[in-house]
Each structure stands twice: as C-alpha cells, then as structure tokens.
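A.B. asks: I'd like to ask you about the structure that follows.
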Amino acid sequence: MPSAAARPSPPPLMAWPSRRRRWYCRPLSPRTTYSEMQLRSQSSGRTCSAGTTKRSGTYPGEGGQRARWTWTGGHMLKWPTLQDLASASLEEVNQLWAGLGYYSRGRRLQEGARKVVEELGGHVPRTAETLQRLLPGVGRYTAGAIASIAFGQATGVVDGNVVRVLCRVRAIGADASSTLVSQQLWSLAQQLVDPARPGDFNQAAMELGATVCTPQHPLCSQCPVQSLCRAHQRVEREQLLTSQSLPGSLDVEECAPNTGQCQLCAPPTEPWDQTLGVANFPRKASRRPPREECSAICVLEQPRALGDARILLVQRPNSGLLAGLWEFPSVTVAPSGQCQRKALLQELRSWAGPLPASHLQHLGQVVHTFSHIKLTYQVYGLALEEQTPVTTPSGARWLTREEFHTAAVSTAMKKVFRVYEGQQPGTCKSSRRSQVSIPASRKRPSPGQQTLDGFFQPHIPTDASSLNSAAQ
C-alpha cells in the first residue's frame with residue numbers, strides 16, 4: 001500500500017541546485033500569481049507587486065545579468081500596495097485583468113484587499129487557517145502558499161504539480177481528484193514540509209513538478225528524489241521482468257487491488273502501461289465535457305461626422321460568468337438558429353432604440369470555451385447611418401475602436417470583433433485565429449486565448465540604462 005508512514009527525507013529536494021529553480025511570485029498556476037502574492041503583508045519585508053519575485057524585485061539571470069519579471073508588456077503593477085488596490089474601482093481591475101481568463105479572481109482579489117484595509121487594519125492574516133477563513137476567494141492552497149512563503153508557517157501545499165510528484169513518489173494510482181486521495185496527499189505534504197524552510201520547500205516541490213516531474217516525458221535522470229520514487233522503482237522492475245520474460249508479480253506497494261481493499265492503488269481495470277513509465281501515475285480522472293450553449297451577438301457601429309465611429313457595449317451582471325465585464329449586445333438562442341435574428345434585433349432595440357432590421361447581417365461564428373461552457377457565438381454586424389438617432393441607457397456605452405481594445409472585455413469579445421473587422425473594407429488582416437468561422441473568403445487569424453504565464457516572462461535588459469533601472 002502507498003503508505004504515508006515512511007517519510008522521505010527532505011534534504012535531496014532542498015539541496016536541489018537553486019539555479020534550476022525559478023523564483024516564485026506564484027506558488028501554483030500562472031493564473032493565480034496576481035491574486036495570491038498581492039496579499040502578502042507589507043510588514044513581511046516582501047513587496048506586493050505581482051511580477052516581483054524577491055524582496056529587491058530582481059533576481060540573477062543567466063550570464064550574471066539582472067533580470068526582472070514584467071507584467072503586461074513590461075509595465076509594473078498599477079497598484080503596488082493593498083491600499084492602492086483597495087481604492088481602485090472594479091472597472092479598473094477588470095480592465096487590467098482583461099484577456100487573462102478566470103475573471104472572478106480579479107474581483108475576489110480586490111474584495112480581499114478591501115477587507116484587509118477596511119476591516120483588518122491593513123494587516124494580512126499570517127496563518128493558513130485565518131487566511132482561508134477571513135479572506136474571500138482564498139482556498140486551502142492559496143492560504144498555505146501565502147502562509148509558508150510570505151510568513152514562514154510550516155504548512156504544506158498541494159497544487160497540480162505537487163499532486164503529480166507525490167502520486168509518483170508514493171505510487172498512488174487511484175483517482176487523485178477523489179476526496180480520499182486528496183486528503184492523503186494533503187497529509188503527505190504536511191508531513192514532508194521542511195519546518196525550517198517551508199516556503200523554499202513548497203516552491204521546490206512545485207518547481208520539481210513543473211520542470212522535471214512533468215505530465216509527459218518526465219526527466220527522471222535529473223530528479224533529486226529519484227531514489228525515493230516508487231513509480232520509478234516500478235518502472236525498473238517492469239523493465240527487468242520484461243527483459244527476463246518473467247510473469248509480473250504483485251509488489252508490496254500493491255495492496256491486493258483485486259480484492260478492492262486499497263483505495264490508493266490503481267483499479268484492476270486500468271493495467272500498467274509499459275509505454276507510459278512513471279507517467280502511469282497519477283491516473284487521469286475522466287472529465288465531464290463542457291456544456292454547449294449558443295448566443296447571437298451583434299457589433300453595432302455608429303459613424304460620426306467628426307472622429308472615429310463608435311461601437312455599443314453593454315455591461316454584464318455583477319455575478320455569474322464574466323461578471324462586470326463589457327460585451328456586445330447578445331441573446332441566448334437555440335443551436336438550431338431559429339428566430340435568432342428576431343430575438344437579437346429586439347435585444348438591440350432595447351439598448352439603442354429603433355433600428356433598421358434590413359441592415360443586420362450575419363458575419364460568421366466564434367467558438368470559445370470557458371472552463372465549463374463551450375459557447376458558440378453567431379456574429380452579426382449592424383452599421384448605422386450617420387443620422388440614425390440612438391439612445392444610451394444605464395449599463396451601456398459607446399466606445400471607439402481604440403477604446404474597445406483597452407476596455408474591460410473578455411478574449412471572446414475580441415474574437416467576435418475580429419470577425420466584424422474582417423468584413424469591413426480596408427481592415428488590416430494579420431495574425432492567426434482558431435475556431436473562428438467566417439462565411440466570406442476574408443478571414444483573419446488570431447493568437448487566441450492568452451495565458452497569464454505568457455505575461456510573466458523574464459525581460460533581459462540589453463542596454464546600460466535598462467540594467468541600472470532593473471538593479472534599483
């Protein structure tokens with residue numbers, strides 16, 4: 001049985017060469033950097049800027065150069081302190097978060113900052129238990145990461161990388177997402193964390209999973225805990241049995257899976273795959289496919305005698321999917337497409353007043369997958385005559401095209417707008433688009449959904465002035 005009783009000694013991991021480890025502003029997924037590390041206490045001696053990884057904000061790069069983490073194209077965080085963030089508007093937060101996905105995290109980030117400033121006297125809770133209990137949107141992992149890295153609390157953390165490492169080291173073959181296995185992994189993480197350097201240990205464990213013990217093609221020869229890894233031992237045993245043409249036999253770690261007595265071992269219905277090696281662990285849980293929805297959406301544009309034309313955006317509700325973000329007027333429709341033009345025109349008129357139905361044109365479709373929804377947008381365009389009167393009720397606003405690109409809109413809306421632009425004469429066509437369908441022959445590709453990891457890339461200054469500014 002994969003037992004937690006035998007505790008592997010942490011020194012092999014802690015002695016792992018530091019040059020192989022990235023400095024962590026984020027202790028888990030790239031998408032959680034901003035929300036977690038912004039909540040560090042000012043009194044801890046560490047800065048709160050997302051993208052700042054050491055107390056000085058810089059770290060030694062290759063070749064002795066000074067490198068610094070940048071955010072959104074090289075600009076440092078707009079709100080360097082919790083007080084600055086707490087005083088910002090949700091609109092500003094959404095605008096800066098636009099394009100990163102998981103939009104509720106930006107809102108919860110600000111809610112947490114406001115609670116710290118307004119209710120906790122500006123002091124961030126220092127333990128995992130109080131962080132999770134007092135701050136909205138802070139879960140078990142986030143609380144443990146902040147408490148161990150920022151405040152030195154000896155508490156373990158479990159993220160996707162740590163799950164993979166622990167399942168392989170302990171040869172846990174059961175579904176890692178099950179409650180029983182999850183509890184076991186958290187227990188193991190707590191037993192293993194180095195009480196003297198909990199933050200370093202947790203970051204090393206996560207870095208091990210991110211760079212060496214990867215989901216596919218793990219670099220076992222470079223692993224500092226290879227001698228402790230039961231998955232690696234299983235691979236060697238299976239290779240030996242194969243080379244000697246011997247029948248396989250149950251290992252002491254396999255607690256009679258055929259009897260159903262061990263809930264941590266792989267089920268007998270999932271035999272060992274020789275081609276996967278250590279990647280047999282952990283077993284992937286079957287994922288429920290995202291539900292499919294369809295929406296008719298329209299880019300409504302009004303030309304102006306002086307200045308750029310304007311497009312209509314409306315704000316989404318303050319709760320639910322993409323809460324508080326701006327989008328083009330839309331209406332949920334049946335996938336069959338029946339009556340979608342009529343329903344969309346009615347929605348448009350509720351926002352802008354009487355509109356000519358004959359000008360509404362179908363331009364194509366965009367398929368965008370959120371975490372749990374696969375949403376197909378049927379894209380329409382409607383260009384008004386210059387003299388057409390329109391209204392601007394509460395919750396709506398008219399923006400120029402330039403203003404649209406800096407507004408708090410989702411990546412899906414940018415895809416929709418690219419379809420509209422692709423049908424306009426004189427539009428520049430470049431880049432690459434995925435899952436965007438245009439009935440006409442004019443198609444513009446697009447880079448698609450961006451990830452926060454793409455924003456947090458090391459920027460190596462090349463001139464002397466840049467080197468001096470990075471070192472300050």
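Residue names in the structure tokens use chain letters A, B, ... in the order shown, residue numbers from 1 in each chain, and ligand numbers from 1 in the order shown.
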Identify, with DSSP run on backbone atoms, the residues in segment 211-439 of chain A assigned to strand (DSSP E or B), and express the list as a PyMOL selection string.

C.D. replies: chain A and resi 283+291-302+310-315+326-327+330-332+361-369+373-383+396-400+409+436-437

A.B. asks: Could the residues in this selection be written to a file with N, CA and C atoms, as a compact mmCIF listing (two decimals), in the first residue's frame?

C.D. replies:
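Below is the file that was written, again_27.txt:
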```
# COMPACT_ATOMS: atom_id res chain seq x y z
N ARG A 283 -3.27 8.65 -12.12
CA ARG A 283 -4.28 8.32 -13.11
C ARG A 283 -5.15 9.54 -13.39
N ARG A 291 -20.62 22.03 -21.08
CA ARG A 291 -21.95 22.11 -21.70
C ARG A 291 -21.90 23.11 -22.85
N GLU A 292 -22.71 22.86 -23.85
CA GLU A 292 -22.68 23.70 -25.05
C GLU A 292 -23.84 24.68 -25.04
N GLU A 293 -23.53 25.92 -25.35
CA GLU A 293 -24.53 26.97 -25.43
C GLU A 293 -24.32 27.76 -26.71
N CYS A 294 -25.36 28.48 -27.12
CA CYS A 294 -25.28 29.27 -28.34
C CYS A 294 -25.83 30.67 -28.06
N SER A 295 -25.18 31.65 -28.63
CA SER A 295 -25.58 33.03 -28.42
C SER A 295 -25.49 33.80 -29.72
N ALA A 296 -26.47 34.65 -29.97
CA ALA A 296 -26.41 35.57 -31.10
C ALA A 296 -25.92 36.91 -30.59
N ILE A 297 -24.93 37.47 -31.23
CA ILE A 297 -24.27 38.68 -30.74
C ILE A 297 -24.05 39.64 -31.89
N CYS A 298 -24.12 40.93 -31.60
CA CYS A 298 -24.04 41.91 -32.68
C CYS A 298 -23.08 43.04 -32.34
N VAL A 299 -22.23 43.38 -33.30
CA VAL A 299 -21.40 44.58 -33.21
C VAL A 299 -22.19 45.70 -33.88
N LEU A 300 -22.69 46.61 -33.06
CA LEU A 300 -23.49 47.73 -33.54
C LEU A 300 -22.60 48.97 -33.62
N GLU A 301 -22.41 49.50 -34.82
CA GLU A 301 -21.48 50.61 -35.01
C GLU A 301 -22.22 51.83 -35.54
N GLN A 302 -21.89 52.97 -34.95
CA GLN A 302 -22.49 54.24 -35.35
C GLN A 302 -21.41 55.18 -35.86
N ARG A 310 -18.25 54.77 -33.45
CA ARG A 310 -18.36 54.20 -32.11
C ARG A 310 -19.14 52.89 -32.17
N ILE A 311 -18.80 51.98 -31.26
CA ILE A 311 -19.49 50.70 -31.16
C ILE A 311 -20.14 50.60 -29.78
N LEU A 312 -21.25 49.88 -29.71
CA LEU A 312 -22.03 49.78 -28.48
C LEU A 312 -21.58 48.59 -27.64
N LEU A 313 -21.32 48.85 -26.37
CA LEU A 313 -21.01 47.79 -25.40
C LEU A 313 -21.99 47.88 -24.25
N VAL A 314 -22.35 46.74 -23.71
CA VAL A 314 -23.23 46.69 -22.54
C VAL A 314 -22.52 45.89 -21.45
N GLN A 315 -22.87 46.18 -20.21
CA GLN A 315 -22.17 45.55 -19.09
C GLN A 315 -22.93 44.33 -18.61
N TRP A 326 -17.59 44.02 -20.01
CA TRP A 326 -18.38 44.63 -21.08
C TRP A 326 -18.39 43.71 -22.29
N GLU A 327 -19.49 43.74 -23.03
CA GLU A 327 -19.62 42.88 -24.20
C GLU A 327 -20.55 43.54 -25.22
N SER A 330 -26.09 40.81 -26.81
CA SER A 330 -26.26 39.41 -27.22
C SER A 330 -27.51 38.84 -26.59
N VAL A 331 -27.92 37.70 -27.11
CA VAL A 331 -29.08 36.99 -26.57
C VAL A 331 -28.84 35.50 -26.74
N THR A 332 -29.20 34.73 -25.74
CA THR A 332 -29.06 33.27 -25.83
C THR A 332 -30.11 32.72 -26.78
N GLN A 361 -26.67 41.95 -40.48
CA GLN A 361 -26.06 40.94 -41.34
C GLN A 361 -25.31 39.90 -40.50
N HIS A 362 -25.49 38.64 -40.90
CA HIS A 362 -24.74 37.56 -40.25
C HIS A 362 -23.35 37.49 -40.86
N LEU A 363 -22.31 37.50 -39.99
CA LEU A 363 -20.94 37.57 -40.47
C LEU A 363 -20.15 36.28 -40.30
N GLY A 364 -20.54 35.43 -39.38
CA GLY A 364 -19.79 34.21 -39.12
C GLY A 364 -20.04 33.74 -37.70
N GLN A 365 -19.17 32.89 -37.21
CA GLN A 365 -19.33 32.39 -35.84
C GLN A 365 -17.98 32.26 -35.15
N VAL A 366 -18.04 32.33 -33.83
CA VAL A 366 -16.86 32.18 -32.99
C VAL A 366 -17.18 31.13 -31.94
N VAL A 367 -16.29 30.17 -31.76
CA VAL A 367 -16.45 29.17 -30.70
C VAL A 367 -15.40 29.44 -29.64
N HIS A 368 -15.85 29.69 -28.42
CA HIS A 368 -14.94 29.99 -27.32
C HIS A 368 -15.29 29.10 -26.14
N THR A 369 -14.31 28.43 -25.59
CA THR A 369 -14.54 27.52 -24.47
C THR A 369 -14.07 28.16 -23.18
N ILE A 373 -18.04 25.86 -20.05
CA ILE A 373 -19.03 26.14 -21.09
C ILE A 373 -18.33 26.27 -22.43
N LYS A 374 -18.86 25.60 -23.43
CA LYS A 374 -18.42 25.78 -24.81
C LYS A 374 -19.48 26.64 -25.49
N LEU A 375 -19.14 27.89 -25.73
CA LEU A 375 -20.11 28.87 -26.20
C LEU A 375 -19.85 29.21 -27.67
N THR A 376 -20.87 29.03 -28.48
CA THR A 376 -20.80 29.38 -29.90
C THR A 376 -21.51 30.70 -30.12
N TYR A 377 -20.77 31.69 -30.58
CA TYR A 377 -21.36 33.00 -30.87
C TYR A 377 -21.68 33.08 -32.37
N GLN A 378 -22.94 33.33 -32.69
CA GLN A 378 -23.31 33.67 -34.05
C GLN A 378 -23.16 35.18 -34.19
N VAL A 379 -22.19 35.60 -34.98
CA VAL A 379 -21.78 37.00 -35.01
C VAL A 379 -22.55 37.76 -36.10
N TYR A 380 -23.15 38.86 -35.68
CA TYR A 380 -23.85 39.75 -36.59
C TYR A 380 -23.20 41.13 -36.56
N GLY A 381 -23.43 41.89 -37.59
CA GLY A 381 -22.96 43.27 -37.64
C GLY A 381 -24.08 44.17 -38.11
N LEU A 382 -24.09 45.37 -37.58
CA LEU A 382 -25.10 46.35 -38.00
C LEU A 382 -24.44 47.73 -37.99
N ALA A 383 -24.23 48.28 -39.18
CA ALA A 383 -23.64 49.61 -39.31
C ALA A 383 -24.75 50.60 -39.58
N ALA A 396 -24.87 50.81 -20.53
CA ALA A 396 -24.38 50.75 -21.90
C ALA A 396 -23.48 51.95 -22.15
N ARG A 397 -22.60 51.81 -23.13
CA ARG A 397 -21.76 52.94 -23.51
C ARG A 397 -21.25 52.73 -24.93
N TRP A 398 -20.94 53.85 -25.58
CA TRP A 398 -20.40 53.82 -26.92
C TRP A 398 -18.91 54.10 -26.86
N LEU A 399 -18.12 53.25 -27.51
CA LEU A 399 -16.67 53.39 -27.49
C LEU A 399 -16.12 53.40 -28.91
N THR A 400 -15.01 54.09 -29.09
CA THR A 400 -14.32 53.99 -30.36
C THR A 400 -13.61 52.64 -30.43
N VAL A 409 -12.95 43.92 -21.49
CA VAL A 409 -13.69 42.95 -22.30
C VAL A 409 -12.94 41.63 -22.28
N VAL A 436 -12.64 30.25 -35.40
CA VAL A 436 -13.43 31.38 -35.84
C VAL A 436 -13.82 31.11 -37.27
N SER A 437 -15.11 31.11 -37.55
CA SER A 437 -15.59 30.75 -38.88
C SER A 437 -16.26 31.95 -39.52
```

A.B. asks: Excluding Gly209 of chain A and residues on its chain fewer than 3 positions from it, collect all residues at most 8 Å away from it, counting only C-alpha atoms, and give them as a PyMOL selection string.

C.D. replies: chain A and resi 161-162+164-165+205-206+212-214

A.B. asks: Pick out the residues sitting within 8 Å of Ala231 of chain A, and hand them over as a ChimeraX atom specification; count only C-alpha atoms, and ignore anything fewer than 2 positions along from it in its own chain.

C.D. replies: /A:168-171,229,233-235,277-278,281

A.B. asks: Find the residue from A:Arg230, A:Gly156, A:Gly395, A:Gln423 that sits nearest to Asn318 of chain A; use only C-alpha atoms when measuring.

C.D. replies: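 For Asn318 of chain A, the nearest of the given residues is A:Gly395.
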
A.B. asks: Excluding Leu131 of chain A and any residue of its chain fewer than 6 positions from it, enumerate the residues within 9 Å of it, using only C-alpha atoms, and give them as an NGL selection string.

C.D. replies: :A and (124-125 or 138-140 or 142-144 or 146-147)

A.B. asks: If you count only C-alpha atoms, which residues fall within 12 Å of Ser182 of chain A, apart from same-chain ones fewer than 5 positions away, as a PyMOL selection string?

C.D. replies: chain A and resi 140+157-160+162-164+166-167+172+174-177+187-189+263-264+282

A.B. asks: For the atom pair atom CA of Val193 of chain A and atom CA of Met14 of chain A, what is the interatomic distance in Å to one decimal place?

C.D. replies: 10.3 Å

A.B. asks: Check the smallest atom-to-atom distance from each of A:Leu180, A:Leu192, A:Ala334, A:Ala128 to Tyr141 of chain A using only C-alpha atoms, then report the winner.

C.D. replies: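 Among the listed residues, the smallest separation from Tyr141 of chain A belongs to A:Ala128.
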
A.B. asks: Provide the atom CA of Asn202 of chain A to atom CA of Pro224 of chain A distance in Å, to one decimal place.

C.D. replies: 14.7 Å

A.B. asks: Neighbouring residues of Pro198 of chain A were defined as those with any atom within 8 Å, considering only C-alpha atoms; residues of the same chain fewer than 6 positions away were excluded. Please report them as a list in words.

C.D. replies: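 Final neighbour list, sorted by chain and number: Ser148, Ile149, Gly152, Gln153, Ala154, Thr155 and Gly156 of chain A.
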
A.B. asks: To test your reading of the structure, identify every residue in segment 137-326 of chain A that backbone DSSP assigns to helix (DSSP H, G or I), and report it as a PyMOL selection string.

C.D. replies: chain A and resi 140-151+160-169+179-192+198-211+220-222+226-228+230-243+257-259+277-280
